[in-house]
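**Student:** Please find query.txt (compact mmCIF, C-alpha atoms) on the next line:
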# COMPACT_ATOMS: atom_id res chain seq x y z
CA MET A 1 6.96 -15.87 69.30
CA GLN A 2 8.05 -18.79 71.50
CA LEU A 3 5.48 -21.60 71.66
CA VAL A 4 6.08 -24.17 74.43
CA ALA A 5 4.42 -27.01 76.30
CA VAL A 6 5.78 -27.93 79.72
CA GLY A 7 4.32 -30.58 81.98
CA LEU A 8 4.39 -34.06 83.42
CA ASN A 9 2.25 -37.15 82.91
CA HIS A 10 1.80 -40.78 83.88
CA THR A 11 4.96 -41.79 81.99
CA THR A 12 7.30 -39.20 83.52
CA ALA A 13 6.10 -38.74 87.11
CA PRO A 14 4.64 -40.92 89.88
CA LEU A 15 1.14 -40.36 91.17
CA SER A 16 2.55 -38.96 94.43
CA LEU A 17 4.04 -36.03 92.47
CA ARG A 18 1.25 -35.62 89.92
CA GLU A 19 -1.28 -35.01 92.68
CA LYS A 20 0.89 -32.19 94.04
CA VAL A 21 1.02 -30.46 90.66
CA ALA A 22 -2.64 -30.94 89.73
CA PHE A 23 -4.77 -27.79 89.39
CA PRO A 24 -8.24 -27.99 90.98
CA ALA A 25 -10.92 -27.29 88.38
CA ASP A 26 -12.08 -24.14 90.15
CA GLN A 27 -8.54 -22.69 90.13
CA ILE A 28 -7.72 -23.09 86.42
CA GLY A 29 -8.84 -19.59 85.44
CA GLN A 30 -6.87 -18.01 88.28
CA ALA A 31 -3.82 -20.10 87.37
CA VAL A 32 -4.00 -19.05 83.71
CA ALA A 33 -4.13 -15.38 84.77
CA SER A 34 -1.16 -15.95 87.08
CA ALA A 35 0.82 -17.60 84.28
CA ARG A 36 0.17 -14.68 81.93
CA SER A 37 1.33 -12.24 84.60
CA TRP A 38 4.39 -14.40 85.19
CA TYR A 39 5.40 -14.09 81.52
CA GLY A 40 4.25 -10.51 81.20
CA GLU A 41 6.60 -9.33 83.93
CA ARG A 42 9.53 -10.71 81.95
CA ALA A 43 8.45 -10.08 78.34
CA PRO A 44 8.19 -6.82 76.38
CA LYS A 45 5.01 -5.04 77.39
CA THR A 46 4.03 -4.55 73.74
CA TYR A 47 3.14 -8.25 73.48
CA SER A 48 0.21 -10.15 74.93
CA ASP A 49 1.33 -13.45 76.43
CA GLU A 50 -0.92 -16.49 76.05
CA ALA A 51 -1.40 -19.47 78.38
CA ALA A 52 -3.64 -22.51 78.80
CA ILE A 53 -3.55 -25.25 81.44
CA LEU A 54 -4.63 -28.87 81.02
CA SER A 55 -4.90 -30.78 84.31
CA THR A 56 -6.28 -34.34 84.47
CA CYS A 57 -5.63 -37.42 86.56
CA ASN A 58 -2.85 -38.41 84.16
CA ARG A 59 -1.20 -35.10 83.31
CA THR A 60 -0.66 -31.45 84.11
CA GLU A 61 0.49 -29.32 81.18
CA LEU A 62 0.94 -25.63 80.58
CA TYR A 63 0.86 -24.40 76.99
CA ALA A 64 2.28 -20.93 76.44
CA ALA A 65 3.01 -18.51 73.63
CA SER A 66 5.26 -15.64 74.63
CA HIS A 67 7.65 -13.08 73.19
CA LEU A 68 10.76 -13.35 75.35
CA PRO A 69 14.16 -11.85 74.63
CA GLY A 70 15.90 -15.06 75.74
CA GLY A 71 14.12 -17.19 73.14
CA VAL A 72 12.66 -20.65 73.58
CA ASN A 73 15.05 -21.72 76.35
CA GLU A 74 13.92 -18.82 78.50
CA ALA A 75 10.27 -19.62 77.75
CA ILE A 76 10.74 -23.24 78.87
CA ASP A 77 12.67 -22.27 81.99
CA LEU A 78 10.08 -19.66 83.01
CA THR A 79 7.23 -22.12 82.51
CA ALA A 80 8.90 -24.78 84.65
CA HIS A 81 9.61 -22.21 87.37
CA PHE A 82 5.99 -21.06 87.27
CA LEU A 83 4.69 -24.59 87.92
CA ALA A 84 7.09 -25.03 90.84
CA SER A 85 6.31 -21.61 92.28
CA TYR A 86 2.53 -21.91 91.94
CA HIS A 87 2.45 -25.25 93.73
CA LYS A 88 5.11 -24.21 96.27
CA LEU A 89 7.47 -27.05 95.28
CA PRO A 90 11.26 -26.86 95.12
CA TYR A 91 12.23 -26.33 91.48
CA SER A 92 15.02 -28.89 91.77
CA ASP A 93 12.52 -31.54 92.93
CA LEU A 94 10.06 -30.90 90.09
CA ARG A 95 12.28 -30.21 87.08
CA PRO A 96 13.59 -33.80 86.52
CA TYR A 97 10.02 -35.03 85.95
CA LEU A 98 8.99 -32.31 83.49
CA TYR A 99 9.05 -32.55 79.73
CA ALA A 100 9.69 -29.27 77.95
CA LEU A 101 8.64 -29.11 74.31
CA PRO A 102 9.40 -26.08 72.12
CA GLN A 103 7.73 -24.87 68.94
CA GLU A 104 6.65 -27.69 66.59
CA ASN A 105 7.26 -30.33 69.28
CA ALA A 106 4.70 -28.54 71.48
CA VAL A 107 2.20 -28.51 68.60
CA ARG A 108 2.81 -32.19 67.85
CA HIS A 109 2.33 -33.04 71.53
CA ALA A 110 -1.01 -31.20 71.70
CA PHE A 111 -2.21 -33.01 68.58
CA ARG A 112 -1.16 -36.41 70.00
CA VAL A 113 -2.77 -35.76 73.39
CA ALA A 114 -6.11 -34.76 71.88
CA SER A 115 -6.04 -37.77 69.55
CA GLY A 116 -5.55 -40.20 72.43
CA LEU A 117 -2.02 -41.25 71.41
CA ASP A 118 -0.44 -40.02 74.64
CA SER A 119 -3.08 -41.38 76.99
CA MET A 120 -2.76 -44.13 79.56
CA VAL A 121 -5.59 -45.80 77.64
CA LEU A 122 -4.54 -45.64 73.99
CA GLY A 123 -7.25 -43.98 71.92
CA GLU A 124 -9.51 -43.09 74.86
CA PRO A 125 -11.92 -40.30 73.94
CA GLN A 126 -12.30 -38.58 77.31
CA ILE A 127 -9.11 -36.51 76.97
CA LEU A 128 -10.52 -34.58 74.01
CA GLY A 129 -13.42 -33.30 76.12
CA GLN A 130 -11.02 -32.45 78.94
CA MET A 131 -8.82 -30.47 76.58
CA LYS A 132 -11.80 -28.59 75.12
CA ASN A 133 -12.88 -27.68 78.63
CA ALA A 134 -9.34 -26.48 79.45
CA VAL A 135 -9.37 -24.27 76.36
CA ARG A 136 -12.78 -22.80 77.31
CA GLN A 137 -11.44 -21.97 80.77
CA ALA A 138 -8.29 -20.41 79.33
CA ASP A 139 -10.35 -18.34 76.90
CA ALA A 140 -12.62 -17.12 79.70
CA ALA A 141 -9.53 -16.07 81.68
CA GLY A 142 -8.11 -14.14 78.72
CA GLY A 143 -5.36 -16.68 78.11
CA LEU A 144 -5.97 -17.31 74.41
CA GLY A 145 -4.51 -15.09 71.74
CA THR A 146 -3.81 -15.52 68.05
CA TYR A 147 -1.34 -18.39 68.40
CA LEU A 148 -2.89 -20.65 71.05
CA HIS A 149 -6.39 -20.10 69.68
CA GLN A 150 -5.27 -21.22 66.25
CA MET A 151 -3.25 -24.14 67.67
CA PHE A 152 -6.13 -25.53 69.70
CA GLN A 153 -8.66 -25.15 66.90
CA ARG A 154 -6.35 -27.18 64.70
CA THR A 155 -5.80 -29.61 67.58
CA PHE A 156 -9.50 -30.41 67.76
CA ALA A 157 -9.73 -30.74 63.97
CA VAL A 158 -6.80 -33.18 63.95
CA ALA A 159 -8.32 -35.25 66.76
CA LYS A 160 -11.60 -35.48 64.82
CA GLU A 161 -9.74 -36.53 61.68
CA VAL A 162 -7.72 -39.19 63.52
CA ARG A 163 -10.78 -40.69 65.20
CA SER A 164 -12.88 -40.68 62.03
CA THR A 165 -10.26 -42.06 59.62
CA THR A 166 -8.34 -44.56 61.81
CA GLN A 167 -9.28 -47.34 64.22
CA ILE A 168 -7.30 -45.84 67.11
CA GLY A 169 -10.26 -46.16 69.49
CA GLU A 170 -11.25 -49.68 68.47
CA HIS A 171 -11.06 -52.38 71.15
CA SER A 172 -9.63 -49.99 73.74
CA VAL A 173 -10.19 -50.92 77.38
CA SER A 174 -11.46 -47.91 79.32
CA MET A 175 -10.71 -47.20 82.96
CA ALA A 176 -14.34 -47.94 83.77
CA ALA A 177 -14.25 -51.31 82.02
CA ALA A 178 -10.93 -52.11 83.70
CA ALA A 179 -12.47 -51.42 87.13
CA VAL A 180 -15.26 -53.89 86.35
CA ARG A 181 -12.83 -56.56 85.17
CA LEU A 182 -10.59 -56.21 88.21
CA SER A 183 -13.55 -56.39 90.58
CA GLN A 184 -14.59 -59.64 88.88
CA ARG A 185 -11.26 -61.10 89.93
CA ILE A 186 -12.19 -60.48 93.55
CA PHE A 187 -15.88 -61.42 93.52
CA ASP A 188 -17.45 -64.39 91.76
CA SER A 189 -20.54 -62.41 90.85
CA LEU A 190 -21.13 -58.66 90.90
CA SER A 191 -24.86 -59.31 91.09
CA GLU A 192 -24.34 -60.07 94.78
CA GLN A 193 -22.27 -56.96 95.56
CA ASN A 194 -23.21 -53.53 96.87
CA VAL A 195 -21.37 -50.82 94.93
CA LEU A 196 -20.63 -47.26 96.09
CA PHE A 197 -19.56 -44.40 93.82
CA ILE A 198 -18.10 -41.29 95.40
CA GLY A 199 -18.50 -38.16 93.28
CA ALA A 200 -20.85 -37.37 90.40
CA GLY A 201 -18.53 -36.26 87.61
CA GLU A 202 -17.94 -37.68 84.14
CA MET A 203 -15.60 -40.47 85.27
CA ILE A 204 -17.97 -41.64 88.01
CA GLU A 205 -20.90 -41.57 85.61
CA LEU A 206 -18.93 -43.71 83.15
CA CYS A 207 -17.90 -46.20 85.84
CA ALA A 208 -21.40 -46.36 87.32
CA THR A 209 -22.85 -47.09 83.89
CA HIS A 210 -20.42 -49.99 83.40
CA PHE A 211 -21.18 -51.48 86.81
CA ALA A 212 -24.94 -50.99 86.41
CA ALA A 213 -24.72 -53.10 83.25
CA GLN A 214 -23.49 -55.99 85.45
CA ASN A 215 -26.78 -55.95 87.41
CA VAL A 216 -25.09 -55.27 90.75
CA LYS A 217 -27.07 -55.90 93.92
CA SER A 218 -27.25 -52.20 94.77
CA LEU A 219 -25.78 -48.99 93.43
CA THR A 220 -25.23 -45.92 95.65
CA ILE A 221 -23.96 -42.43 94.76
CA ALA A 222 -22.28 -40.38 97.51
CA ASN A 223 -21.73 -36.73 96.73
CA ARG A 224 -21.06 -33.55 98.66
CA THR A 225 -24.30 -32.06 97.35
CA LEU A 226 -27.21 -34.48 97.49
CA GLU A 227 -29.03 -32.90 94.53
CA ARG A 228 -26.32 -33.74 91.98
CA GLY A 229 -25.97 -37.25 93.37
CA GLU A 230 -29.73 -37.73 93.12
CA THR A 231 -29.70 -36.95 89.39
CA LEU A 232 -27.14 -39.65 88.60
CA ALA A 233 -28.64 -42.15 91.05
CA HIS A 234 -32.09 -41.71 89.54
CA ARG A 235 -30.76 -42.33 86.04
CA LEU A 236 -29.09 -45.59 87.12
CA HIS A 237 -31.83 -46.71 89.52
CA GLY A 238 -29.53 -46.20 92.48
CA THR A 239 -29.65 -44.50 95.86
CA PRO A 240 -28.08 -41.12 96.72
CA ILE A 241 -26.40 -40.37 100.06
CA ARG A 242 -24.52 -37.40 101.43
CA LEU A 243 -20.74 -37.57 101.60
CA ALA A 244 -21.02 -36.66 105.28
CA ASP A 245 -22.85 -39.97 105.90
CA LEU A 246 -19.99 -42.04 104.47
CA PRO A 247 -18.22 -42.93 107.77
CA ASP A 248 -21.37 -44.57 109.12
CA GLN A 249 -22.30 -46.38 105.88
CA LEU A 250 -18.97 -47.44 104.33
CA ALA A 251 -19.15 -50.93 105.85
CA GLN A 252 -22.22 -51.73 103.73
CA PHE A 253 -20.30 -51.66 100.45
CA ASP A 254 -18.23 -54.34 98.75
CA VAL A 255 -17.00 -52.16 95.89
CA VAL A 256 -16.02 -48.49 96.29
CA ILE A 257 -15.11 -46.28 93.29
CA SER A 258 -14.05 -42.71 94.04
CA SER A 259 -13.27 -39.75 91.79
CA THR A 260 -13.77 -36.28 93.27
CA ALA A 261 -12.02 -32.94 92.96
CA SER A 262 -11.10 -32.84 96.64
CA SER A 263 -7.61 -31.55 97.40
CA LEU A 264 -7.37 -33.85 100.45
CA PRO A 265 -8.25 -37.55 100.99
CA ILE A 266 -11.89 -38.11 101.96
CA ILE A 267 -11.44 -41.75 103.02
CA GLY A 268 -8.80 -42.27 105.69
CA LEU A 269 -7.15 -45.37 107.12
CA GLY A 270 -9.18 -45.24 110.34
CA MET A 271 -12.50 -45.04 108.49
CA VAL A 272 -11.69 -48.12 106.41
CA GLU A 273 -10.34 -50.07 109.40
CA ARG A 274 -13.64 -49.54 111.22
CA ALA A 275 -15.60 -50.57 108.12
CA ILE A 276 -13.56 -53.77 107.67
CA LYS A 277 -14.07 -54.67 111.31
CA ALA A 278 -17.82 -54.13 110.98
CA ARG A 279 -17.79 -56.32 107.84
CA ARG A 280 -16.09 -59.12 109.81
CA HIS A 281 -13.13 -58.85 107.39
CA LYS A 282 -15.16 -59.54 104.29
CA PRO A 283 -13.05 -58.26 101.32
CA MET A 284 -13.56 -54.75 99.99
CA PHE A 285 -12.54 -53.71 96.47
CA MET A 286 -11.61 -50.01 96.16
CA VAL A 287 -10.62 -47.93 93.14
CA ASP A 288 -9.27 -44.40 93.54
CA LEU A 289 -9.43 -42.56 90.21
CA ALA A 290 -8.80 -39.11 91.69
CA VAL A 291 -5.67 -36.96 91.44
CA PRO A 292 -4.99 -35.83 94.15
CA ARG A 293 -6.04 -39.13 95.70
CA ASP A 294 -9.35 -39.54 97.53
CA ILE A 295 -8.25 -42.60 99.53
CA GLU A 296 -5.20 -42.55 101.78
CA ALA A 297 -2.43 -44.73 100.36
CA GLU A 298 -2.06 -46.55 103.69
CA VAL A 299 -5.46 -48.17 103.12
CA GLY A 300 -3.84 -50.42 100.55
CA ARG A 301 -1.83 -52.14 103.28
CA LEU A 302 -4.91 -53.61 104.95
CA ASN A 303 -5.21 -57.36 104.41
CA ASP A 304 -8.88 -57.36 103.44
CA VAL A 305 -8.75 -54.34 101.09
CA PHE A 306 -7.86 -54.46 97.41
CA LEU A 307 -7.00 -50.85 96.54
CA TYR A 308 -6.19 -49.77 93.00
CA THR A 309 -5.06 -46.29 91.91
CA VAL A 310 -5.40 -44.67 88.51
CA ASP A 311 -1.87 -45.84 87.67
CA ASP A 312 -2.71 -49.42 88.61
CA LEU A 313 -5.65 -49.41 86.21
CA GLY A 314 -3.46 -47.81 83.55
CA ALA A 315 -1.07 -50.74 83.64
CA PHE A 316 -4.01 -53.14 83.34
CA VAL A 317 -5.47 -51.49 80.25
CA GLN A 318 -2.23 -51.67 78.28
CA SER A 319 -3.07 -55.22 77.24
CA GLY A 320 -4.00 -55.40 73.58
CA VAL A 321 -2.04 -52.31 72.59
CA GLU A 322 -0.20 -54.23 69.88
CA ASN A 323 -3.50 -54.75 68.05
CA ARG A 324 -3.78 -51.01 67.49
CA GLN A 325 -0.25 -50.27 66.28
CA ALA A 326 -1.32 -50.00 62.63
CA ALA A 327 -3.88 -47.38 63.59
CA VAL A 328 -1.21 -45.55 65.59
CA ALA A 329 1.03 -45.35 62.53
CA GLN A 330 -1.84 -43.89 60.49
CA ALA A 331 -2.63 -41.37 63.21
CA GLU A 332 1.00 -40.29 63.53
CA ALA A 333 1.18 -39.67 59.78
CA ILE A 334 -1.93 -37.47 59.91
CA ILE A 335 -0.56 -35.56 62.88
CA GLU A 336 2.84 -34.98 61.26
CA HIS A 337 1.20 -33.54 58.15
CA ARG A 338 -0.98 -31.20 60.23
CA VAL A 339 1.97 -30.10 62.39
CA GLN A 340 3.89 -28.96 59.32
CA ALA A 341 0.82 -27.10 58.07
CA PHE A 342 0.54 -25.24 61.36
CA MET A 343 4.25 -24.38 61.43
CA ASN A 344 3.90 -22.99 57.91
CA TRP A 345 1.09 -20.81 59.23
CA ILE A 346 3.35 -19.57 62.03
CA ASP A 347 6.11 -18.81 59.52
CA ALA A 348 3.63 -16.86 57.43
CA ARG A 349 2.62 -14.90 60.54
CA ALA A 350 6.27 -14.01 61.09
CA ILE A 351 6.52 -12.12 57.78
CA VAL A 352 3.37 -10.06 58.40
CA PRO A 353 5.41 -7.15 59.89
CA VAL A 354 7.69 -7.23 56.83
CA ILE A 355 4.71 -6.99 54.50
CA GLN A 356 3.26 -4.16 56.58
CA ASP A 357 6.56 -2.27 56.35
CA LEU A 358 6.59 -2.73 52.58
CA HIS A 359 3.08 -1.37 52.30
CA GLU A 360 3.90 1.63 54.51
CA SER A 361 7.11 2.51 52.65
CA SER A 362 5.39 2.05 49.26
CA GLU A 363 2.55 4.26 50.38
CA ALA A 364 5.02 6.95 51.48
CA MET A 365 6.70 6.81 48.05
CA ARG A 366 3.32 7.03 46.29
CA MET A 367 2.18 10.02 48.32
CA MET A 368 5.48 11.82 47.72
CA GLU A 369 5.22 11.44 43.94
CA LEU A 370 1.51 12.27 43.98
CA ASP A 371 2.17 15.54 45.84
CA ARG A 372 4.85 16.43 43.30
CA ALA A 373 2.44 15.70 40.42
CA ARG A 374 -0.26 17.89 41.98
CA ARG A 375 2.17 20.81 42.34
CA LEU A 376 3.13 20.48 38.66
CA LEU A 377 -0.51 20.47 37.63
CA GLU A 378 -1.20 23.56 39.76
CA ARG A 379 1.61 25.33 37.86
CA GLY A 380 -0.13 24.50 34.61
CA GLU A 381 2.14 21.73 33.34
CA ASP A 382 0.81 19.51 30.57
CA ILE A 383 -1.06 16.53 32.04
CA ASP A 384 0.73 13.97 29.87
CA THR A 385 4.09 15.36 30.98
CA VAL A 386 3.00 15.17 34.64
CA LEU A 387 1.77 11.57 34.31
CA ASP A 388 5.01 10.56 32.63
CA ALA A 389 7.04 12.19 35.42
CA LEU A 390 4.82 10.51 38.04
CA SER A 391 5.32 7.05 36.59
CA ARG A 392 9.09 7.55 36.17
CA GLY A 393 9.39 8.85 39.73
CA LEU A 394 7.54 5.89 41.19
CA THR A 395 9.61 3.42 39.15
CA ALA A 396 12.86 5.03 40.25
CA LYS A 397 11.90 4.97 43.91
CA PHE A 398 10.73 1.33 43.83
CA LEU A 399 13.93 0.20 42.08
CA HIS A 400 16.38 2.24 44.14
CA GLY A 401 16.53 -0.18 47.08
CA PRO A 402 16.90 -3.41 45.06
CA GLN A 403 19.50 -1.83 42.74
CA GLN A 404 21.52 -0.56 45.68
CA ALA A 405 21.38 -4.00 47.36
CA LEU A 406 22.53 -5.66 44.14
CA ASN A 407 25.41 -3.21 43.67
CA ASN A 408 26.60 -3.63 47.27
CA ALA A 409 26.36 -7.45 47.28
CA GLN A 410 29.26 -9.71 46.37
CA GLY A 411 29.81 -13.32 45.36
CA ASP A 412 27.05 -15.80 46.19
CA GLU A 413 24.85 -13.12 47.73
CA ARG A 414 24.89 -11.11 44.48
CA ALA A 415 24.06 -14.27 42.49
CA ARG A 416 21.10 -15.04 44.76
CA LEU A 417 19.80 -11.49 44.48
CA ALA A 418 20.24 -11.52 40.70
CA ALA A 419 18.09 -14.67 40.51
CA LEU A 420 15.49 -13.43 43.02
CA LEU A 421 14.87 -9.84 41.93
CA PRO A 422 13.40 -10.65 38.49
CA GLN A 423 10.85 -12.90 40.25
CA LEU A 424 9.89 -10.10 42.64
CA PHE A 425 9.31 -7.58 39.89
CA ARG A 426 7.76 -9.90 37.32
CA THR A 427 4.56 -8.42 35.92
CA LYS A 428 1.41 -10.40 35.12
CA ARG A 429 0.71 -10.84 31.42
Could you express the structure from this file as structure tokens?
**Tutor:**
Amino acid sequence: MQLVAVGLNHTTAPLSLREKVAFPADQIGQAVASARSWYGERAPKTYSDEAAILSTCNRTELYAASHLPGGVNEAIDLTAHFLASYHKLPYSDLRPYLYALPQENAVRHAFRVASGLDSMVLGEPQILGQMKNAVRQADAAGGLGTYLHQMFQRTFAVAKEVRSTTQIGEHSVSMAAAAVRLSQRIFDSLSEQNVLFIGAGEMIELCATHFAAQNVKSLTIANRTLERGETLAHRLHGTPIRLADLPDQLAQFDVVISSTASSLPIIGLGMVERAIKARRHKPMFMVDLAVPRDIEAEVGRLNDVFLYTVDDLGAFVQSGVENRQAAVAQAEAIIEHRVQAFMNWIDARAIVPVIQDLHESSEAMRMMELDRARRLLERGEDIDTVLDALSRGLTAKFLHGPQQALNNAQGDERARLAALLPQLFRTKR
């Protein structure tokens, strides 16, 4: 079994590439099925290949467990080719930005991601929920088998242990808090600003909650479906609008935070230029937390617009990381211990076929001697004589293989067998 994790994140690839490799939430199940087919066409048909996809604003990763004749190198190469093929990108353009982690390195990576050690915001808790959702989607698509199911269950247990026994999440600056702090650099008081949130997902809800705490002048939620926007707006004492109304109303807002699942930008350069003109060039603070981006990059070139992407906020939140290094060391130690425990489990799984073979061959020996004993009894042989012959026959058959191996071995191999065999046949007293 080859266990691999292949992907890219905020440390290995720019936002412009990450948005091309991101999987829309409604395509994850289909992508998992496609990945399994991709491996299945190249692996022995007797094995069920496993796959799960994690896609967030900071990373896209494919975890796979597959039996491939070419070993781990083939598994990594196939996974990288799948990502390029699925997103219709040249393999040579994508491969330099991918990390490819085999076996225990893949397990360690999953544990670190779920624990917040590999996040743009060190210790942030949101990634754990995103990973759990990815695993639910993979399971629904038939992507989880024995190995990935066990790995992810242990991943969630490790993340819980890290967060409950270390201070990895203490004093962390979230993306939402960073957006508030950056906006305060532009405006003297948020209580005088009109704030617009585009989308109604978890990130927008988090950001809206942070801004609402600053007693902003007004809070508006724009969403494709008005009903979902109304729910969040009502909770935060805001106003809902339809996304279709955005071009006519954008000029009203001083702060714009966007995070949707759209595959194309929903705020273009022309729309913002018209809004700035209508505002008589009053500054506008914009944060685009979406991957792919919701706001065209060219908007950032406008003189009266302060546009920040998810990567910009990531750089901002790195301040204070040194205060959490002791917690990081504790977390890494926990993770390393749990990685070794999981790899021991995998090793144990590897000898299951050997144990099954031993049981089958032993059962065949037992049945052979039992049939012989029954024939002797049918001929009227004394029962004690039959039982003695049965026990001697079984003993001879069980010892034949080890004795033959010992006789055929030479040198160090014979010495190892001579030391091992008494342990294998030691009886309980």
**Student:** Quick one, how far is atom CA of Met203 of chain A from atom CA of Glu298 of chain A?
**Tutor:** 23.7 Å
**Student:** Kindly give the distance, in Å, that separates atom CA of Gln167 of chain A and atom CA of Leu54 of chain A, rounded to a single decimal.
**Tutor:** 25.4 Å
**Student:** Between A:His237, A:Arg293, A:Arg36, A:Arg374, which residue has the minimum interatomic distance to Asp311 of chain A, considering only C-alpha atoms?
**Tutor:** A:Arg293
**Student:** Have a look at atom CA of Ala290 of chain A and atom CA of Ala261 of chain A and let me know their distance in Å, one decimal.
**Tutor:**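 Atom CA of Ala261 of chain A lies 7.1 Å from atom CA of Ala290 of chain A.
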**Student:** So which residues are close to (11.8, -27.1, 76.9), meaning at most 8 Å away in the file's coordinates with all atoms listed in the file counted, and can you show them as an MDAnalysis selection string?
**Tutor:** chainID A and resid 4:6 72:73 75:77 99:102
**Student:** Generate a file of the selected residues that holds C-alpha atoms, formatted as an mmCIF file, keeping the file's coordinate frame.
**Tutor:**
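The resulting result.cif:
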data_model
loop_
_atom_site.group_PDB
_atom_site.id
_atom_site.type_symbol
_atom_site.label_atom_id
_atom_site.label_comp_id
_atom_site.auth_asym_id
_atom_site.auth_seq_id
_atom_site.Cartn_x
_atom_site.Cartn_y
_atom_site.Cartn_z
ATOM 1 C CA VAL A 4 6.080 -24.170 74.430
ATOM 2 C CA ALA A 5 4.420 -27.010 76.300
ATOM 3 C CA VAL A 6 5.780 -27.930 79.720
ATOM 4 C CA VAL A 72 12.660 -20.650 73.580
ATOM 5 C CA ASN A 73 15.050 -21.720 76.350
ATOM 6 C CA ALA A 75 10.270 -19.620 77.750
ATOM 7 C CA ILE A 76 10.740 -23.240 78.870
ATOM 8 C CA ASP A 77 12.670 -22.270 81.990
ATOM 9 C CA TYR A 99 9.050 -32.550 79.730
ATOM 10 C CA ALA A 100 9.690 -29.270 77.950
ATOM 11 C CA LEU A 101 8.640 -29.110 74.310
ATOM 12 C CA PRO A 102 9.400 -26.080 72.120
#
**Student:** I'd like the contact shell of Phe211 of chain A - 9 Å cut-off, all atoms listed in the file, skipping same-chain residues fewer than 2 positions apart - returned as a list in words.
**Tutor:** Ala176, Ala177, Ala179, Val180, Leu190, Val195, Leu206, Cys207, Ala208, Thr209, Ala213, Gln214, Asn215, Val216 and Leu219 of chain A
**Student:** Looking at only C-alpha atoms, which of A:Ser183, A:Ala222, A:Ala348, A:Asp382 is the one that sits closest to Met286 of chain A?
**Tutor:**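 Among the listed residues, the smallest separation from Met286 of chain A belongs to A:Ser183.
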**Student:** Rank nothing, just name the residue among A:Asn344, A:Asn194, A:Gln137, A:Thr12 nearest to Gln249 of chain A, using all atoms listed in the file.
**Tutor:** A:Asn194
**Student:** Find the residues around Met120 of chain A up to 10 Å (only C-alpha atoms counted), leave out those fewer than 2 positions away in its own chain, and share them as a JSON list (two decimals) with C-alpha atoms, in the frame of the given file.
**Tutor:**
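Final file, result31.json:
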[["chain", "number", "residue", "atom", "x", "y", "z"],
["A", 9, "ASN", "CA", 2.25, -37.15, 82.91],
["A", 10, "HIS", "CA", 1.80, -40.78, 83.88],
["A", 11, "THR", "CA", 4.96, -41.79, 81.99],
["A", 58, "ASN", "CA", -2.85, -38.41, 84.16],
["A", 59, "ARG", "CA", -1.20, -35.10, 83.31],
["A", 116, "GLY", "CA", -5.55, -40.20, 72.43],
["A", 117, "LEU", "CA", -2.02, -41.25, 71.41],
["A", 118, "ASP", "CA", -0.44, -40.02, 74.64],
["A", 122, "LEU", "CA", -4.54, -45.64, 73.99],
["A", 123, "GLY", "CA", -7.25, -43.98, 71.92],
["A", 124, "GLU", "CA", -9.51, -43.09, 74.86],
["A", 174, "SER", "CA", -11.46, -47.91, 79.32],
["A", 175, "MET", "CA", -10.71, -47.20, 82.96],
["A", 310, "VAL", "CA", -5.40, -44.67, 88.51],
["A", 311, "ASP", "CA", -1.87, -45.84, 87.67],
["A", 313, "LEU", "CA", -5.65, -49.41, 86.21],
["A", 314, "GLY", "CA", -3.46, -47.81, 83.55],
["A", 315, "ALA", "CA", -1.07, -50.74, 83.64],
["A", 316, "PHE", "CA", -4.01, -53.14, 83.34],
["A", 317, "VAL", "CA", -5.47, -51.49, 80.25],
["A", 318, "GLN", "CA", -2.23, -51.67, 78.28]]
**Student:** Find, counting all atoms listed in the file, the residue in A:Leu98, A:Met1, A:Val272, A:Ile346 that gets nearest to Ala84 of chain A.
**Tutor:**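 Comparing A:Leu98, A:Met1, A:Val272, A:Ile346 against Ala84 of chain A, the winner is A:Leu98.
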**Student:** Since the input lacks some atoms of segment 306-314 of chain A, please model N, CA and C atoms and print them as a PDB file, keeping the file's coordinate frame.
**Tutor:**
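Dumped everything to selection01.pdb:
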ATOM      1  N   PHE A 306      -8.561 -54.437  98.689  1.00  0.00           N
ATOM      2  CA  PHE A 306      -7.860 -54.460  97.410  1.00  0.00           C
ATOM      3  C   PHE A 306      -8.000 -53.065  96.800  1.00  0.00           C
ATOM      4  N   LEU A 307      -6.950 -52.250  96.970  1.00  0.00           N
ATOM      5  CA  LEU A 307      -7.000 -50.850  96.540  1.00  0.00           C
ATOM      6  C   LEU A 307      -6.198 -50.666  95.259  1.00  0.00           C
ATOM      7  N   TYR A 308      -6.834 -50.055  94.276  1.00  0.00           N
ATOM      8  CA  TYR A 308      -6.190 -49.770  93.000  1.00  0.00           C
ATOM      9  C   TYR A 308      -6.238 -48.256  92.745  1.00  0.00           C
ATOM     10  N   THR A 309      -5.118 -47.706  92.277  1.00  0.00           N
ATOM     11  CA  THR A 309      -5.060 -46.290  91.910  1.00  0.00           C
ATOM     12  C   THR A 309      -5.234 -46.148  90.404  1.00  0.00           C
ATOM     13  N   VAL A 310      -5.271 -44.917  89.938  1.00  0.00           N
ATOM     14  CA  VAL A 310      -5.400 -44.670  88.510  1.00  0.00           C
ATOM     15  C   VAL A 310      -4.229 -45.249  87.741  1.00  0.00           C
ATOM     16  N   ASP A 311      -3.032 -45.259  88.340  1.00  0.00           N
ATOM     17  CA  ASP A 311      -1.870 -45.840  87.670  1.00  0.00           C
ATOM     18  C   ASP A 311      -1.970 -47.356  87.598  1.00  0.00           C
ATOM     19  N   ASP A 312      -2.530 -47.971  88.625  1.00  0.00           N
ATOM     20  CA  ASP A 312      -2.710 -49.420  88.610  1.00  0.00           C
ATOM     21  C   ASP A 312      -3.630 -49.837  87.462  1.00  0.00           C
ATOM     22  N   LEU A 313      -4.732 -49.100  87.289  1.00  0.00           N
ATOM     23  CA  LEU A 313      -5.650 -49.410  86.210  1.00  0.00           C
ATOM     24  C   LEU A 313      -5.008 -49.139  84.855  1.00  0.00           C
ATOM     25  N   GLY A 314      -4.150 -48.124  84.802  1.00  0.00           N
ATOM     26  CA  GLY A 314      -3.460 -47.810  83.550  1.00  0.00           C
ATOM     27  C   GLY A 314      -2.599 -48.956  83.076  1.00  0.00           C
TER      28      GLY A 314
END
